[in-house]
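K.L.:
Dropping in input.pdb, with PDB, C-alpha atoms.
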ATOM      1  CA  MET A 660      84.504   9.717 -66.816
ATOM      2  CA  LYS A 661      83.311   8.782 -63.362
ATOM      3  CA  LYS A 662      85.836  11.064 -61.741
ATOM      4  CA  LEU A 663      84.640  13.997 -63.859
ATOM      5  CA  SER A 664      80.969  13.519 -62.897
ATOM      6  CA  ILE A 665      81.878  13.261 -59.211
ATOM      7  CA  LEU A 666      83.957  16.447 -59.484
ATOM      8  CA  ILE A 667      81.061  18.350 -61.139
ATOM      9  CA  CYS A 668      78.611  17.230 -58.446
ATOM     10  CA  GLY A 669      81.009  18.266 -55.714
ATOM     11  CA  LEU A 670      81.506  21.731 -57.269
ATOM     12  CA  ALA A 671      77.719  22.221 -57.605
ATOM     13  CA  LEU A 672      77.213  21.378 -53.944
ATOM     14  CA  ALA A 673      79.998  23.704 -52.870
ATOM     15  CA  ALA A 674      78.556  26.560 -54.960
ATOM     16  CA  CYS A 675      75.127  26.163 -53.318
ATOM     17  CA  SER A 676      76.438  26.132 -49.766
ATOM     18  CA  THR A 677      78.686  29.196 -49.869
ATOM     19  CA  GLY A 678      77.527  32.735 -49.192
ATOM     20  CA  SER A 679      74.989  34.328 -46.791
ATOM     21  CA  ASN A 680      71.915  33.773 -48.970
ATOM     22  CA  HIS A 681      70.045  32.149 -46.083
ATOM     23  CA  GLU A 682      70.365  34.985 -43.610
ATOM     24  CA  ASP A 683      66.856  36.295 -44.367
ATOM     25  CA  LEU A 684      65.416  32.810 -43.769
ATOM     26  CA  ARG A 685      67.134  32.552 -40.392
ATOM     27  CA  GLN A 686      65.841  35.989 -39.451
ATOM     28  CA  PHE A 687      62.264  35.057 -40.376
ATOM     29  CA  MET A 688      62.428  31.888 -38.285
ATOM     30  CA  ASP A 689      63.710  33.793 -35.248
ATOM     31  CA  ASN A 690      60.931  36.425 -35.527
ATOM     32  CA  ALA A 691      58.151  33.889 -36.100
ATOM     33  CA  ALA A 692      58.937  31.934 -32.939
ATOM     34  CA  LYS A 693      59.150  34.969 -30.615
ATOM     35  CA  GLY A 694      55.437  35.433 -29.793
ATOM     36  CA  GLU A 695      54.443  31.774 -29.614
ATOM     37  CA  LYS A 696      53.725  30.107 -26.295
ATOM     38  CA  GLY A 697      52.514  26.529 -25.890
ATOM     39  CA  LYS A 698      49.085  26.038 -24.337
ATOM     40  CA  VAL A 699      48.394  22.674 -22.740
ATOM     41  CA  THR A 700      45.084  22.106 -20.994
ATOM     42  CA  PRO A 701      45.448  20.411 -17.621
ATOM     43  CA  LEU A 702      44.349  16.794 -17.264
ATOM     44  CA  PRO A 703      40.965  16.179 -15.625
ATOM     45  CA  GLN A 704      40.897  15.177 -11.986
ATOM     46  CA  VAL A 705      40.800  11.377 -11.651
ATOM     47  CA  LYS A 706      38.253  10.068  -9.169
ATOM     48  CA  PRO A 707      39.535   7.353  -6.875
ATOM     49  CA  TYR A 708      38.327   3.803  -7.604
ATOM     50  CA  GLU A 709      35.690   2.458  -5.241
ATOM     51  CA  PRO A 710      35.287  -1.335  -5.441
ATOM     52  CA  VAL A 711      31.780  -2.817  -5.224
ATOM     53  CA  ALA A 712      31.277  -6.089  -3.441
ATOM     54  CA  TYR A 713      29.351  -8.730  -5.449
ATOM     55  CA  ASP A 714      27.477 -11.066  -3.146
ATOM     56  CA  VAL A 715      26.352 -14.022  -5.257
ATOM     57  CA  GLY A 716      24.166 -15.563  -2.585
ATOM     58  CA  ASN A 717      20.652 -14.798  -3.902
ATOM     59  CA  LEU A 718      21.336 -12.625  -6.933
ATOM     60  CA  VAL A 719      20.544 -13.453 -10.555
ATOM     61  CA  ASP A 720      23.210 -15.403 -12.412
ATOM     62  CA  PRO A 721      24.240 -13.086 -15.274
ATOM     63  CA  PHE A 722      25.270 -15.997 -17.498
ATOM     64  CA  LYS A 723      21.928 -17.854 -17.594
ATOM     65  CA  SER A 724      19.775 -16.775 -20.526
ATOM     66  CA  SER A 725      16.571 -18.004 -18.871
ATOM     67  CA  LYS A 726      17.014 -15.440 -16.118
ATOM     68  CA  ALA A 727      16.998 -12.586 -18.654
ATOM     69  CA  ILE A 728      13.368 -13.317 -19.582
ATOM     70  CA  PRO A 729      10.785 -11.640 -17.329
ATOM     71  CA  GLU A 730       8.846 -13.962 -15.034
ATOM     72  CA  LYS A 731       5.465 -13.413 -16.735
ATOM     73  CA  ALA A 732       6.853 -14.283 -20.193
ATOM     74  CA  LYS A 733       8.344 -17.644 -19.254
ATOM     75  CA  GLY A 734       5.085 -19.522 -19.722
ATOM     76  CA  GLY A 735       4.753 -18.680 -23.422
ATOM     77  CA  GLY A 736       1.605 -16.661 -22.832
ATOM     78  CA  GLY A 737      -0.841 -15.303 -25.325
ATOM     79  CA  GLU A 738      -3.364 -17.201 -27.412
ATOM     80  CA  LYS A 739      -1.849 -20.614 -28.116
ATOM     81  CA  PRO A 740      -2.582 -22.574 -31.293
ATOM     82  CA  ASP A 741      -4.471 -25.860 -31.087
ATOM     83  CA  PHE A 742      -1.790 -28.527 -31.467
ATOM     84  CA  ASP A 743      -4.266 -31.421 -31.169
ATOM     85  CA  ARG A 744      -6.436 -30.655 -34.199
ATOM     86  CA  PRO A 745      -5.839 -32.558 -37.455
ATOM     87  CA  ARG A 746      -3.592 -30.723 -39.905
ATOM     88  CA  GLU A 747      -4.939 -29.532 -43.252
ATOM     89  CA  PRO A 748      -2.923 -30.217 -46.462
ATOM     90  CA  LEU A 749      -1.934 -26.574 -47.102
ATOM     91  CA  GLU A 750      -0.349 -26.228 -43.647
ATOM     92  CA  ALA A 751       2.652 -28.197 -44.890
ATOM     93  CA  TYR A 752       3.737 -25.352 -47.194
ATOM     94  CA  PRO A 753       5.195 -21.936 -46.330
ATOM     95  CA  LEU A 754       2.948 -19.006 -47.190
ATOM     96  CA  GLU A 755       5.457 -17.757 -49.789
ATOM     97  CA  SER A 756       5.028 -20.902 -51.898
ATOM     98  CA  LEU A 757       1.219 -20.642 -52.082
ATOM     99  CA  LYS A 758      -0.405 -18.798 -55.005
ATOM    100  CA  TYR A 759      -3.914 -17.371 -54.991
ATOM    101  CA  VAL A 760      -5.058 -17.965 -58.573
ATOM    102  CA  GLY A 761      -8.836 -17.553 -58.494
ATOM    103  CA  VAL A 762     -12.056 -17.197 -56.560
ATOM    104  CA  MET A 763     -15.318 -19.129 -56.813
ATOM    105  CA  THR A 764     -18.606 -17.992 -55.257
ATOM    106  CA  ARG A 765     -21.443 -20.380 -54.514
ATOM    107  CA  GLU A 766     -24.798 -18.632 -54.317
ATOM    108  CA  LYS A 767     -26.491 -21.446 -52.348
ATOM    109  CA  GLU A 768     -24.013 -21.283 -49.503
ATOM    110  CA  LYS A 769     -23.325 -17.534 -49.821
ATOM    111  CA  ALA A 770     -19.629 -18.384 -49.480
ATOM    112  CA  SER A 771     -16.545 -17.539 -51.490
ATOM    113  CA  TYR A 772     -13.890 -20.182 -52.103
ATOM    114  CA  ALA A 773     -10.308 -19.296 -52.979
ATOM    115  CA  ILE A 774      -8.380 -21.445 -55.446
ATOM    116  CA  ILE A 775      -4.839 -21.932 -54.122
ATOM    117  CA  GLN A 776      -2.081 -23.445 -56.252
ATOM    118  CA  VAL A 777       0.884 -25.330 -54.788
ATOM    119  CA  ASP A 778       3.338 -26.800 -57.283
ATOM    120  CA  ARG A 779       0.911 -28.260 -59.872
ATOM    121  CA  SER A 780      -2.002 -28.985 -57.516
ATOM    122  CA  LEU A 781      -5.073 -26.807 -56.933
ATOM    123  CA  TYR A 782      -6.945 -26.584 -53.615
ATOM    124  CA  GLN A 783     -10.274 -25.007 -52.625
ATOM    125  CA  VAL A 784     -10.300 -23.129 -49.308
ATOM    126  CA  LYS A 785     -12.766 -20.839 -47.542
ATOM    127  CA  ALA A 786     -12.892 -18.727 -44.390
ATOM    128  CA  GLY A 787     -12.035 -20.903 -41.396
ATOM    129  CA  ASN A 788      -9.570 -23.174 -43.214
ATOM    130  CA  TYR A 789      -5.907 -23.233 -42.189
ATOM    131  CA  LEU A 790      -3.097 -22.122 -44.489
ATOM    132  CA  GLY A 791       0.700 -21.905 -44.148
ATOM    133  CA  GLN A 792       3.129 -23.095 -41.501
ATOM    134  CA  ASN A 793       2.374 -20.373 -38.909
ATOM    135  CA  PHE A 794      -1.072 -21.652 -37.854
ATOM    136  CA  GLY A 795      -2.727 -19.216 -40.281
ATOM    137  CA  VAL A 796      -6.523 -19.297 -40.332
ATOM    138  CA  ILE A 797      -8.371 -17.690 -43.260
ATOM    139  CA  THR A 798     -10.540 -14.774 -42.100
ATOM    140  CA  LYS A 799     -11.777 -13.404 -45.442
ATOM    141  CA  VAL A 800     -11.877 -14.426 -49.096
ATOM    142  CA  ASP A 801     -12.670 -11.884 -51.827
ATOM    143  CA  GLU A 802     -11.747 -11.241 -55.458
ATOM    144  CA  ALA A 803      -8.548  -9.386 -54.570
ATOM    145  CA  GLU A 804      -6.988 -11.297 -51.665
ATOM    146  CA  VAL A 805      -7.218 -13.985 -49.024
ATOM    147  CA  ALA A 806      -6.772 -12.512 -45.518
ATOM    148  CA  LEU A 807      -5.114 -14.625 -42.799
ATOM    149  CA  LYS A 808      -4.592 -14.398 -39.059
ATOM    150  CA  GLU A 809      -1.372 -16.218 -38.097
ATOM    151  CA  LEU A 810      -0.035 -17.133 -34.652
ATOM    152  CA  VAL A 811       3.742 -16.785 -34.274
ATOM    153  CA  GLN A 812       6.041 -16.804 -31.263
ATOM    154  CA  ASP A 813       7.943 -13.631 -30.438
ATOM    155  CA  ALA A 814      11.417 -13.395 -28.881
ATOM    156  CA  VAL A 815      10.257 -14.153 -25.334
ATOM    157  CA  GLY A 816       8.022 -17.087 -26.315
ATOM    158  CA  ASP A 817       4.599 -15.410 -26.291
ATOM    159  CA  TRP A 818       2.153 -16.277 -29.071
ATOM    160  CA  VAL A 819       1.155 -13.133 -30.953
ATOM    161  CA  GLU A 820      -1.221 -12.589 -33.855
ATOM    162  CA  ARG A 821       0.057 -11.439 -37.218
ATOM    163  CA  VAL A 822      -2.131 -10.443 -40.156
ATOM    164  CA  SER A 823      -1.047 -11.687 -43.588
ATOM    165  CA  SER A 824      -2.635 -11.951 -46.998
ATOM    166  CA  LEU A 825      -2.291 -13.685 -50.343
ATOM    167  CA  ARG A 826      -2.993 -11.423 -53.305
ATOM    168  CA  LEU A 827      -4.565 -12.672 -56.506
ATOM    169  CA  GLN A 828      -1.821 -13.557 -59.007
ATOM    170  CA  GLY A 829      -1.717 -11.519 -62.212
ATOM    171  CA  GLN A 830      -3.719  -8.546 -60.905
ATOM    172  CA  GLU A 831      -2.623  -5.376 -59.171
ATOM    173  CA  VAL A 832      -4.601  -4.623 -56.053
ATOM    174  CA  ILE A 833      -5.490  -0.977 -55.461
ATOM    175  CA  LYS A 834      -6.414   0.098 -51.927
TER     176      LYS A 834
END
Show the structure stored in the file as structure tokens.

P.N.:
Amino acid sequence: MKKLSILICGLALAACSTGSNHEDLRQFMDNAAKGEKGKVTPLPQVKPYEPVAYDVGNLVDPFKSSKAIPEKAKGGGGEKPDFDRPREPLEAYPLESLKYVGVMTREKEKASYAIIQVDRSLYQVKAGNYLGQNFGVITKVDEAEVALKELVQDAVGDWVERVSSLRLQGQEVIK
């Protein structure tokens, strides 16, 4: 049985290979390659290497990060916060954890007090009080929000002002 299948395969291969059936294919290949020429663009001219001397005598050390900061920014300029003043209770919490839940206006004092909730405790604050961990001082209290001016350090160490606000919880503020 095996010999018969091998014999049939051999005869099929022999039948396919005999004859000049591929002459037209050979002719096409010869004609197609006649007009083709390879085009290779020349390589660009290489400039000769010129070494540069590095004199380390009085130049900046490239591996010291303190040298990357400009001279004027090293002192941590800008308006600095008062580190000597006593801390208020709401300065211990990040601004994201504080909730503005209400406002109270006293006619005698002509002042508005914001009611701030932290965990389960309520606090009364007004303009001038400190809030949050970024030395935020309250600049305005109204029915919609509590406006803050915070002092934060930027990448070079300068103190810069940033304006933030706490919006009244449960209401949508339209501006």

K.L.:
Would you kindly return, as a list in words, each protein, DNA or RNA residue with an atom no farther than 12 Å from any atom of A:Ala770, considering all atoms listed in the file and excluding same-chain residues fewer than 3 positions away?

P.N.:
Val762, Met763, Thr764, Arg765, Glu766, Lys767, Ala773, Gln783, Val784, Lys785, Ala786, Gly787, Lys799, Val800 and Asp801 of chain A

K.L.:
Can you write out the residues you just picked, keeping C-alpha atoms, as a PDB file, in the coordinates of the input?

P.N.:
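Contents of result-v1.pdb, as written:
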ATOM      1  CA  VAL A 762     -12.056 -17.197 -56.560  1.00  0.00           C
ATOM      2  CA  MET A 763     -15.318 -19.129 -56.813  1.00  0.00           C
ATOM      3  CA  THR A 764     -18.606 -17.992 -55.257  1.00  0.00           C
ATOM      4  CA  ARG A 765     -21.443 -20.380 -54.514  1.00  0.00           C
ATOM      5  CA  GLU A 766     -24.798 -18.632 -54.317  1.00  0.00           C
ATOM      6  CA  LYS A 767     -26.491 -21.446 -52.348  1.00  0.00           C
ATOM      7  CA  ALA A 773     -10.308 -19.296 -52.979  1.00  0.00           C
ATOM      8  CA  GLN A 783     -10.274 -25.007 -52.625  1.00  0.00           C
ATOM      9  CA  VAL A 784     -10.300 -23.129 -49.308  1.00  0.00           C
ATOM     10  CA  LYS A 785     -12.766 -20.839 -47.542  1.00  0.00           C
ATOM     11  CA  ALA A 786     -12.892 -18.727 -44.390  1.00  0.00           C
ATOM     12  CA  GLY A 787     -12.035 -20.903 -41.396  1.00  0.00           C
ATOM     13  CA  LYS A 799     -11.777 -13.404 -45.442  1.00  0.00           C
ATOM     14  CA  VAL A 800     -11.877 -14.426 -49.096  1.00  0.00           C
ATOM     15  CA  ASP A 801     -12.670 -11.884 -51.827  1.00  0.00           C
TER      16      ASP A 801
END

K.L.:
What does the distance between atom CA of A:Ser756 and atom CA of A:Asp817 come to in Å, to one decimal place?

P.N.:
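Between these atoms lies a distance of 26.2 Å.
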
K.L.:
For A:Lys758, which residue out of A:Ala814, A:Leu827, A:Val819, A:Ile797 is the nearest one, using all atoms listed in the file?

P.N.:
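Of A:Ala814, A:Leu827, A:Val819, A:Ile797, the one nearest A:Lys758 is A:Leu827, counting all atoms listed in the file.
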
K.L.:
Report as a ChimeraX atom specification all protein, DNA and RNA residues lying within 8 Å of A:Lys808, evaluated on all atoms listed in the file, omitting residues in the same chain fewer than 6 positions from it.

P.N.:
/A:795-798,820-823

K.L.:
How far is it from atom CA of A:Gly697 to atom CA of A:Glu682, in Å with one decimal?

P.N.:
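Atom-to-atom, atom CA of A:Gly697 to atom CA of A:Glu682, that is 26.5 Å.
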
K.L.:
Show which residues sit within 12 Å of A:Pro748, as a ChimeraX atom specification. Count all atoms listed in the file, and ignore same-chain residues fewer than 4 positions away.

P.N.:
/A:752-753,757,775-777,780-784,788-792

K.L.:
Store the residues picked out above in a file with C-alpha atoms, as a short mmCIF file (atom, residue, chain, number, x, y, z; two decimals), in the frame of the given file.

P.N.:
data_model
loop_
_atom_site.label_atom_id
_atom_site.label_comp_id
_atom_site.auth_asym_id
_atom_site.auth_seq_id
_atom_site.Cartn_x
_atom_site.Cartn_y
_atom_site.Cartn_z
CA TYR A 752 3.74 -25.35 -47.19
CA PRO A 753 5.20 -21.94 -46.33
CA LEU A 757 1.22 -20.64 -52.08
CA ILE A 775 -4.84 -21.93 -54.12
CA GLN A 776 -2.08 -23.44 -56.25
CA VAL A 777 0.88 -25.33 -54.79
CA SER A 780 -2.00 -28.98 -57.52
CA LEU A 781 -5.07 -26.81 -56.93
CA TYR A 782 -6.94 -26.58 -53.62
CA GLN A 783 -10.27 -25.01 -52.62
CA VAL A 784 -10.30 -23.13 -49.31
CA ASN A 788 -9.57 -23.17 -43.21
CA TYR A 789 -5.91 -23.23 -42.19
CA LEU A 790 -3.10 -22.12 -44.49
CA GLY A 791 0.70 -21.90 -44.15
CA GLN A 792 3.13 -23.10 -41.50
#
